[in-house]
Amino acid sequence: MEVKKTEIPGCFIVERPFFKDERGYFSRAFDKEILEKYGMCADIMQSNLSENIKKYTLRGLHSQKAEYAEDKLIMCTRGKVFDVCVDVRKDSPTYKKYVGAELSEENGRCLYIPKGCAHGYLSLEDDTQTLYFVTHNYVPDSEECYSFDDPAFGIKWPVDDYSKLVISDKDRHHPYIGD
């Protein structure tokens, strides 16, 4: 696995190598030792799988508060997504900045989201699936959510018209960070 720092402290892009032959491929999805070597938390408590039937399905932006905050390692196991990490830590030098990365089954790229950052993604193909490894069990009452189109973040989602989005009512009505 190759680990690359991003502009946001604690956020990394993890490249998974593939070993291919006539049967298909093999790739390591998780390596505690490598994550810890780069200062990432590898105490995984949950693993979540998300299916997105339609292209332009948008999920997010979500994070967890205080003692329920979680680190996440996200990968795309089928199809392709544009995944974002938004720094919502008020004391961070990169507060309100984001990192975006294209994750796909083909490129094997993962995005590591540190505690205190919000996460969201947009499916770029039909029949897309993501796998998350998280360091805390989900606690619904501790969820903090932000609008995907908040101008304070300036996320450049790879879709030319937001009316094409497949988005839950909940995610469509999150507040802006300043509200």
# chains A, B, ... in the order shown; residues from 1 in each chain; ligands from 1

call {"tool": "select_by_dssp", "arguments": {"residues": "chain A", "states": "strand (DSSP E or B)", "output": "ChimeraX atom specification"}}
result
/A:2-5,12-15,19-21,24-26,46-52,57-64,72-78,80-87,98-104,109-113,117-123,128-134,143-145,166

call {"tool": "closest_atom_pairs", "arguments": {"of": "segment 30-82 of chain A", "to": "segment 101-124 of chain A", "cutoff": "7 Å", "atoms": "only C-alpha atoms", "output": "CSV"}}
result
residue,atom,partner,partner_atom,distance
A:Asn52,CA,A:Ser123,CA,6.9
A:Lys55,CA,A:Leu124,CA,5.2
A:Tyr56,CA,A:Ser123,CA,5.0
A:Thr57,CA,A:Ser123,CA,5.2
A:Leu58,CA,A:Leu122,CA,4.4
A:Arg59,CA,A:Gly120,CA,5.4
A:Gly60,CA,A:Gly120,CA,4.0
A:Leu61,CA,A:Gly120,CA,4.6
A:His62,CA,A:Ala118,CA,5.0
A:Ser63,CA,A:Ala118,CA,4.6
A:Ala69,CA,A:Lys115,CA,5.4
A:Glu70,CA,A:Lys115,CA,5.0
A:Asp71,CA,A:Pro114,CA,4.6
A:Lys72,CA,A:Ile113,CA,5.0
A:Leu73,CA,A:Tyr112,CA,4.4
A:Ile74,CA,A:Leu111,CA,5.3
A:Met75,CA,A:Cys110,CA,4.6
A:Cys76,CA,A:Ser104,CA,4.9
A:Thr77,CA,A:Glu105,CA,4.8
A:Arg78,CA,A:Glu105,CA,5.1
A:Gly79,CA,A:Ser104,CA,5.7
A:Lys80,CA,A:Ser104,CA,4.2
A:Val81,CA,A:Ser123,CA,4.3
A:Phe82,CA,A:Glu102,CA,4.5

call {"tool": "atom_distance", "arguments": {"atom1": "atom CA of Ile155 of chain A", "atom2": "atom CA of Asn137 of chain A"}}
result
27.6 Å

call {"tool": "select_by_dssp", "arguments": {"residues": "segment 20-115 of chain A", "states": "alpha helix (DSSP H)", "output": "ChimeraX atom specification"}}
result
/A:32-37

call {"tool": "closest_residue", "arguments": {"among": "A:Ser163, A:Thr94, A:Gln64, A:Thr128", "to": "Glu7 of chain A", "atoms": "only C-alpha atoms"}}
result
A:Thr94

call {"tool": "residues_around", "arguments": {"residues": "segment 42-50 of chain A", "least_positions_apart": "2", "cutoff": "6 Å", "atoms": "only C-alpha atoms", "output": "list in words"}}
result
Lys32, Gln129, Thr130, Leu131, Tyr132, Phe133, Val134, Thr135 and His136 of chain A

call {"tool": "write_last_selection", "arguments": {"atoms": "C-alpha atoms", "output": "PDB file, in the first residue's frame"}}
result
ATOM      1  CA  LYS A  32      -3.482  -2.076  10.411  1.00  0.00           C
ATOM      2  CA  GLN A 129     -20.724   0.208  -4.178  1.00  0.00           C
ATOM      3  CA  THR A 130     -18.552   1.663  -1.399  1.00  0.00           C
ATOM      4  CA  LEU A 131     -17.018   0.012   1.632  1.00  0.00           C
ATOM      5  CA  TYR A 132     -16.220   1.994   4.789  1.00  0.00           C
ATOM      6  CA  PHE A 133     -14.079   0.940   7.730  1.00  0.00           C
ATOM      7  CA  VAL A 134     -14.896   3.139  10.755  1.00  0.00           C
ATOM      8  CA  THR A 135     -13.356   3.495  14.213  1.00  0.00           C
ATOM      9  CA  HIS A 136     -16.543   4.029  16.202  1.00  0.00           C
TER      10      HIS A 136
END

call {"tool": "closest_residue", "arguments": {"among": "A:Phe148, A:Phe18, A:Tyr95, A:Tyr162", "to": "Asp83 of chain A", "atoms": "only C-alpha atoms"}}
result
A:Phe148

call {"tool": "atom_distance", "arguments": {"atom1": "atom CA of Glu67 of chain A", "atom2": "atom CA of Glu15 of chain A"}}
result
29.3 Å

call {"tool": "closest_residue", "arguments": {"among": "A:Pro151, A:Asp127, A:Glu143, A:Tyr176", "to": "Glu51 of chain A", "atoms": "only C-alpha atoms"}}
result
A:Asp127

call {"tool": "closest_residue", "arguments": {"among": "A:Ile53, A:Pro17, A:Gly10, A:Tyr25", "to": "Asp126 of chain A", "atoms": "only C-alpha atoms"}}
result
A:Ile53

call {"tool": "atom_distance", "arguments": {"atom1": "atom CA of Ser147 of chain A", "atom2": "atom CA of Leu35 of chain A"}}
result
29.8 Å

call {"tool": "closest_residue", "arguments": {"among": "A:Asp161, A:Glu2, A:Asp149, A:Asp91", "to": "Lys37 of chain A", "atoms": "only C-alpha atoms"}}
result
A:Glu2

call {"tool": "closest_residue", "arguments": {"among": "A:Met1, A:Cys11, A:Trp157, A:Val88", "to": "Phe30 of chain A", "atoms": "only C-alpha atoms"}}
result
A:Met1

call {"tool": "decode", "arguments": {"residues": "segment 14-51 of chain A", "atoms": "N, CA, C and O atoms", "output": "PDB file, in the first residue's frame"}}
result
ATOM      1  N   VAL A  14      -4.859   6.478   0.055  1.00  0.00           N
ATOM      2  CA  VAL A  14      -4.174   5.199   0.171  1.00  0.00           C
ATOM      3  C   VAL A  14      -4.362   4.455  -1.150  1.00  0.00           C
ATOM      4  O   VAL A  14      -5.492   4.246  -1.587  1.00  0.00           O
ATOM      5  N   GLU A  15      -3.247   4.110  -1.767  1.00  0.00           N
ATOM      6  CA  GLU A  15      -3.275   3.374  -3.033  1.00  0.00           C
ATOM      7  C   GLU A  15      -3.081   1.887  -2.735  1.00  0.00           C
ATOM      8  O   GLU A  15      -2.094   1.505  -2.113  1.00  0.00           O
ATOM      9  N   ARG A  16      -4.028   1.077  -3.160  1.00  0.00           N
ATOM     10  CA  ARG A  16      -3.935  -0.376  -2.963  1.00  0.00           C
ATOM     11  C   ARG A  16      -3.384  -1.022  -4.229  1.00  0.00           C
ATOM     12  O   ARG A  16      -3.955  -0.849  -5.294  1.00  0.00           O
ATOM     13  N   PRO A  17      -2.294  -1.768  -4.126  1.00  0.00           N
ATOM     14  CA  PRO A  17      -1.802  -2.475  -5.314  1.00  0.00           C
ATOM     15  C   PRO A  17      -2.687  -3.679  -5.631  1.00  0.00           C
ATOM     16  O   PRO A  17      -3.321  -4.250  -4.744  1.00  0.00           O
ATOM     17  N   PHE A  18      -2.708  -4.032  -6.907  1.00  0.00           N
ATOM     18  CA  PHE A  18      -3.457  -5.199  -7.375  1.00  0.00           C
ATOM     19  C   PHE A  18      -2.475  -6.239  -7.898  1.00  0.00           C
ATOM     20  O   PHE A  18      -1.514  -5.898  -8.580  1.00  0.00           O
ATOM     21  N   PHE A  19      -2.751  -7.467  -7.585  1.00  0.00           N
ATOM     22  CA  PHE A  19      -1.983  -8.587  -8.105  1.00  0.00           C
ATOM     23  C   PHE A  19      -2.939  -9.356  -9.005  1.00  0.00           C
ATOM     24  O   PHE A  19      -3.887  -9.989  -8.528  1.00  0.00           O
ATOM     25  N   LYS A  20      -2.681  -9.263 -10.321  1.00  0.00           N
ATOM     26  CA  LYS A  20      -3.618  -9.814 -11.306  1.00  0.00           C
ATOM     27  C   LYS A  20      -3.035 -11.038 -11.988  1.00  0.00           C
ATOM     28  O   LYS A  20      -1.834 -11.128 -12.226  1.00  0.00           O
ATOM     29  N   ASP A  21      -3.928 -11.957 -12.313  1.00  0.00           N
ATOM     30  CA  ASP A  21      -3.580 -13.103 -13.145  1.00  0.00           C
ATOM     31  C   ASP A  21      -4.845 -13.544 -13.881  1.00  0.00           C
ATOM     32  O   ASP A  21      -5.853 -12.829 -13.875  1.00  0.00           O
ATOM     33  N   GLU A  22      -4.793 -14.726 -14.489  1.00  0.00           N
ATOM     34  CA  GLU A  22      -5.924 -15.191 -15.301  1.00  0.00           C
ATOM     35  C   GLU A  22      -7.207 -15.410 -14.500  1.00  0.00           C
ATOM     36  O   GLU A  22      -8.299 -15.464 -15.055  1.00  0.00           O
ATOM     37  N   ARG A  23      -7.111 -15.495 -13.174  1.00  0.00           N
ATOM     38  CA  ARG A  23      -8.291 -15.705 -12.322  1.00  0.00           C
ATOM     39  C   ARG A  23      -8.999 -14.403 -11.977  1.00  0.00           C
ATOM     40  O   ARG A  23     -10.158 -14.384 -11.616  1.00  0.00           O
ATOM     41  N   GLY A  24      -8.267 -13.287 -12.045  1.00  0.00           N
ATOM     42  CA  GLY A  24      -8.794 -11.984 -11.626  1.00  0.00           C
ATOM     43  C   GLY A  24      -7.718 -11.223 -10.878  1.00  0.00           C
ATOM     44  O   GLY A  24      -6.585 -11.138 -11.343  1.00  0.00           O
ATOM     45  N   TYR A  25      -8.061 -10.701  -9.695  1.00  0.00           N
ATOM     46  CA  TYR A  25      -7.053  -9.958  -8.938  1.00  0.00           C
ATOM     47  C   TYR A  25      -7.191 -10.226  -7.450  1.00  0.00           C
ATOM     48  O   TYR A  25      -8.201 -10.714  -6.966  1.00  0.00           O
ATOM     49  N   PHE A  26      -6.133  -9.848  -6.740  1.00  0.00           N
ATOM     50  CA  PHE A  26      -6.097  -9.865  -5.286  1.00  0.00           C
ATOM     51  C   PHE A  26      -5.587  -8.507  -4.859  1.00  0.00           C
ATOM     52  O   PHE A  26      -4.641  -7.965  -5.432  1.00  0.00           O
ATOM     53  N   SER A  27      -6.210  -7.916  -3.827  1.00  0.00           N
ATOM     54  CA  SER A  27      -5.770  -6.632  -3.295  1.00  0.00           C
ATOM     55  C   SER A  27      -6.101  -6.575  -1.809  1.00  0.00           C
ATOM     56  O   SER A  27      -7.179  -6.995  -1.401  1.00  0.00           O
ATOM     57  N   ARG A  28      -5.195  -6.069  -1.030  1.00  0.00           N
ATOM     58  CA  ARG A  28      -5.428  -5.926   0.410  1.00  0.00           C
ATOM     59  C   ARG A  28      -6.321  -4.708   0.642  1.00  0.00           C
ATOM     60  O   ARG A  28      -6.006  -3.610   0.218  1.00  0.00           O
ATOM     61  N   ALA A  29      -7.425  -4.896   1.344  1.00  0.00           N
ATOM     62  CA  ALA A  29      -8.370  -3.810   1.624  1.00  0.00           C
ATOM     63  C   ALA A  29      -8.017  -3.059   2.898  1.00  0.00           C
ATOM     64  O   ALA A  29      -8.369  -1.885   3.049  1.00  0.00           O
ATOM     65  N   PHE A  30      -7.317  -3.707   3.819  1.00  0.00           N
ATOM     66  CA  PHE A  30      -7.028  -3.095   5.112  1.00  0.00           C
ATOM     67  C   PHE A  30      -5.719  -3.645   5.640  1.00  0.00           C
ATOM     68  O   PHE A  30      -5.479  -4.854   5.570  1.00  0.00           O
ATOM     69  N   ASP A  31      -4.859  -2.753   6.168  1.00  0.00           N
ATOM     70  CA  ASP A  31      -3.597  -3.177   6.761  1.00  0.00           C
ATOM     71  C   ASP A  31      -3.320  -2.293   7.981  1.00  0.00           C
ATOM     72  O   ASP A  31      -2.877  -1.152   7.847  1.00  0.00           O
ATOM     73  N   LYS A  32      -3.621  -2.809   9.150  1.00  0.00           N
ATOM     74  CA  LYS A  32      -3.482  -2.076  10.411  1.00  0.00           C
ATOM     75  C   LYS A  32      -2.074  -1.503  10.582  1.00  0.00           C
ATOM     76  O   LYS A  32      -1.905  -0.336  10.938  1.00  0.00           O
ATOM     77  N   GLU A  33      -1.064  -2.306  10.303  1.00  0.00           N
ATOM     78  CA  GLU A  33       0.324  -1.884  10.499  1.00  0.00           C
ATOM     79  C   GLU A  33       0.683  -0.687   9.619  1.00  0.00           C
ATOM     80  O   GLU A  33       1.304   0.267  10.083  1.00  0.00           O
ATOM     81  N   ILE A  34       0.288  -0.719   8.378  1.00  0.00           N
ATOM     82  CA  ILE A  34       0.600   0.403   7.474  1.00  0.00           C
ATOM     83  C   ILE A  34      -0.149   1.660   7.888  1.00  0.00           C
ATOM     84  O   ILE A  34       0.420   2.751   7.927  1.00  0.00           O
ATOM     85  N   LEU A  35      -1.431   1.541   8.212  1.00  0.00           N
ATOM     86  CA  LEU A  35      -2.191   2.714   8.638  1.00  0.00           C
ATOM     87  C   LEU A  35      -1.557   3.342   9.874  1.00  0.00           C
ATOM     88  O   LEU A  35      -1.366   4.566   9.932  1.00  0.00           O
ATOM     89  N   GLU A  36      -1.233   2.536  10.853  1.00  0.00           N
ATOM     90  CA  GLU A  36      -0.642   3.062  12.090  1.00  0.00           C
ATOM     91  C   GLU A  36       0.734   3.687  11.844  1.00  0.00           C
ATOM     92  O   GLU A  36       1.097   4.673  12.479  1.00  0.00           O
ATOM     93  N   LYS A  37       1.483   3.156  10.902  1.00  0.00           N
ATOM     94  CA  LYS A  37       2.802   3.706  10.560  1.00  0.00           C
ATOM     95  C   LYS A  37       2.690   5.170  10.134  1.00  0.00           C
ATOM     96  O   LYS A  37       3.570   5.974  10.403  1.00  0.00           O
ATOM     97  N   TYR A  38       1.584   5.529   9.480  1.00  0.00           N
ATOM     98  CA  TYR A  38       1.369   6.896   9.000  1.00  0.00           C
ATOM     99  C   TYR A  38       0.508   7.724   9.960  1.00  0.00           C
ATOM    100  O   TYR A  38       0.064   8.814   9.606  1.00  0.00           O
ATOM    101  N   GLY A  39       0.272   7.213  11.151  1.00  0.00           N
ATOM    102  CA  GLY A  39      -0.475   7.961  12.156  1.00  0.00           C
ATOM    103  C   GLY A  39      -1.976   7.877  12.033  1.00  0.00           C
ATOM    104  O   GLY A  39      -2.707   8.624  12.680  1.00  0.00           O
ATOM    105  N   MET A  40      -2.456   6.956  11.218  1.00  0.00           N
ATOM    106  CA  MET A  40      -3.896   6.768  11.079  1.00  0.00           C
ATOM    107  C   MET A  40      -4.363   5.791  12.144  1.00  0.00           C
ATOM    108  O   MET A  40      -3.622   4.890  12.542  1.00  0.00           O
ATOM    109  N   CYS A  41      -5.588   5.962  12.590  1.00  0.00           N
ATOM    110  CA  CYS A  41      -6.160   5.050  13.576  1.00  0.00           C
ATOM    111  C   CYS A  41      -6.630   3.794  12.848  1.00  0.00           C
ATOM    112  O   CYS A  41      -7.337   3.884  11.847  1.00  0.00           O
ATOM    113  N   ALA A  42      -6.238   2.646  13.360  1.00  0.00           N
ATOM    114  CA  ALA A  42      -6.619   1.385  12.719  1.00  0.00           C
ATOM    115  C   ALA A  42      -7.476   0.517  13.637  1.00  0.00           C
ATOM    116  O   ALA A  42      -7.596  -0.679  13.430  1.00  0.00           O
ATOM    117  N   ASP A  43      -8.064   1.126  14.658  1.00  0.00           N
ATOM    118  CA  ASP A  43      -8.938   0.386  15.573  1.00  0.00           C
ATOM    119  C   ASP A  43     -10.353   0.366  15.001  1.00  0.00           C
ATOM    120  O   ASP A  43     -11.226   1.124  15.411  1.00  0.00           O
ATOM    121  N   ILE A  44     -10.572  -0.493  14.048  1.00  0.00           N
ATOM    122  CA  ILE A  44     -11.836  -0.563  13.324  1.00  0.00           C
ATOM    123  C   ILE A  44     -12.907  -1.204  14.201  1.00  0.00           C
ATOM    124  O   ILE A  44     -12.713  -2.266  14.770  1.00  0.00           O
ATOM    125  N   MET A  45     -14.050  -0.507  14.309  1.00  0.00           N
ATOM    126  CA  MET A  45     -15.184  -1.001  15.094  1.00  0.00           C
ATOM    127  C   MET A  45     -16.332  -1.488  14.208  1.00  0.00           C
ATOM    128  O   MET A  45     -17.140  -2.295  14.635  1.00  0.00           O
ATOM    129  N   GLN A  46     -16.437  -0.921  13.000  1.00  0.00           N
ATOM    130  CA  GLN A  46     -17.543  -1.256  12.104  1.00  0.00           C
ATOM    131  C   GLN A  46     -17.044  -1.239  10.675  1.00  0.00           C
ATOM    132  O   GLN A  46     -16.103  -0.512  10.345  1.00  0.00           O
ATOM    133  N   SER A  47     -17.722  -1.975   9.839  1.00  0.00           N
ATOM    134  CA  SER A  47     -17.501  -1.931   8.409  1.00  0.00           C
ATOM    135  C   SER A  47     -18.874  -1.794   7.772  1.00  0.00           C
ATOM    136  O   SER A  47     -19.797  -2.525   8.122  1.00  0.00           O
ATOM    137  N   ASN A  48     -19.009  -0.835   6.863  1.00  0.00           N
ATOM    138  CA  ASN A  48     -20.306  -0.544   6.244  1.00  0.00           C
ATOM    139  C   ASN A  48     -20.201  -0.639   4.731  1.00  0.00           C
ATOM    140  O   ASN A  48     -19.213  -0.189   4.148  1.00  0.00           O
ATOM    141  N   LEU A  49     -21.221  -1.172   4.113  1.00  0.00           N
ATOM    142  CA  LEU A  49     -21.292  -1.329   2.674  1.00  0.00           C
ATOM    143  C   LEU A  49     -22.473  -0.512   2.171  1.00  0.00           C
ATOM    144  O   LEU A  49     -23.563  -0.574   2.738  1.00  0.00           O
ATOM    145  N   SER A  50     -22.239   0.281   1.126  1.00  0.00           N
ATOM    146  CA  SER A  50     -23.299   1.136   0.591  1.00  0.00           C
ATOM    147  C   SER A  50     -23.454   0.888  -0.904  1.00  0.00           C
ATOM    148  O   SER A  50     -22.483   0.967  -1.658  1.00  0.00           O
ATOM    149  N   GLU A  51     -24.682   0.595  -1.314  1.00  0.00           N
ATOM    150  CA  GLU A  51     -24.981   0.401  -2.724  1.00  0.00           C
ATOM    151  C   GLU A  51     -25.671   1.650  -3.257  1.00  0.00           C
ATOM    152  O   GLU A  51     -26.540   2.233  -2.598  1.00  0.00           O
TER     153      GLU A  51
END
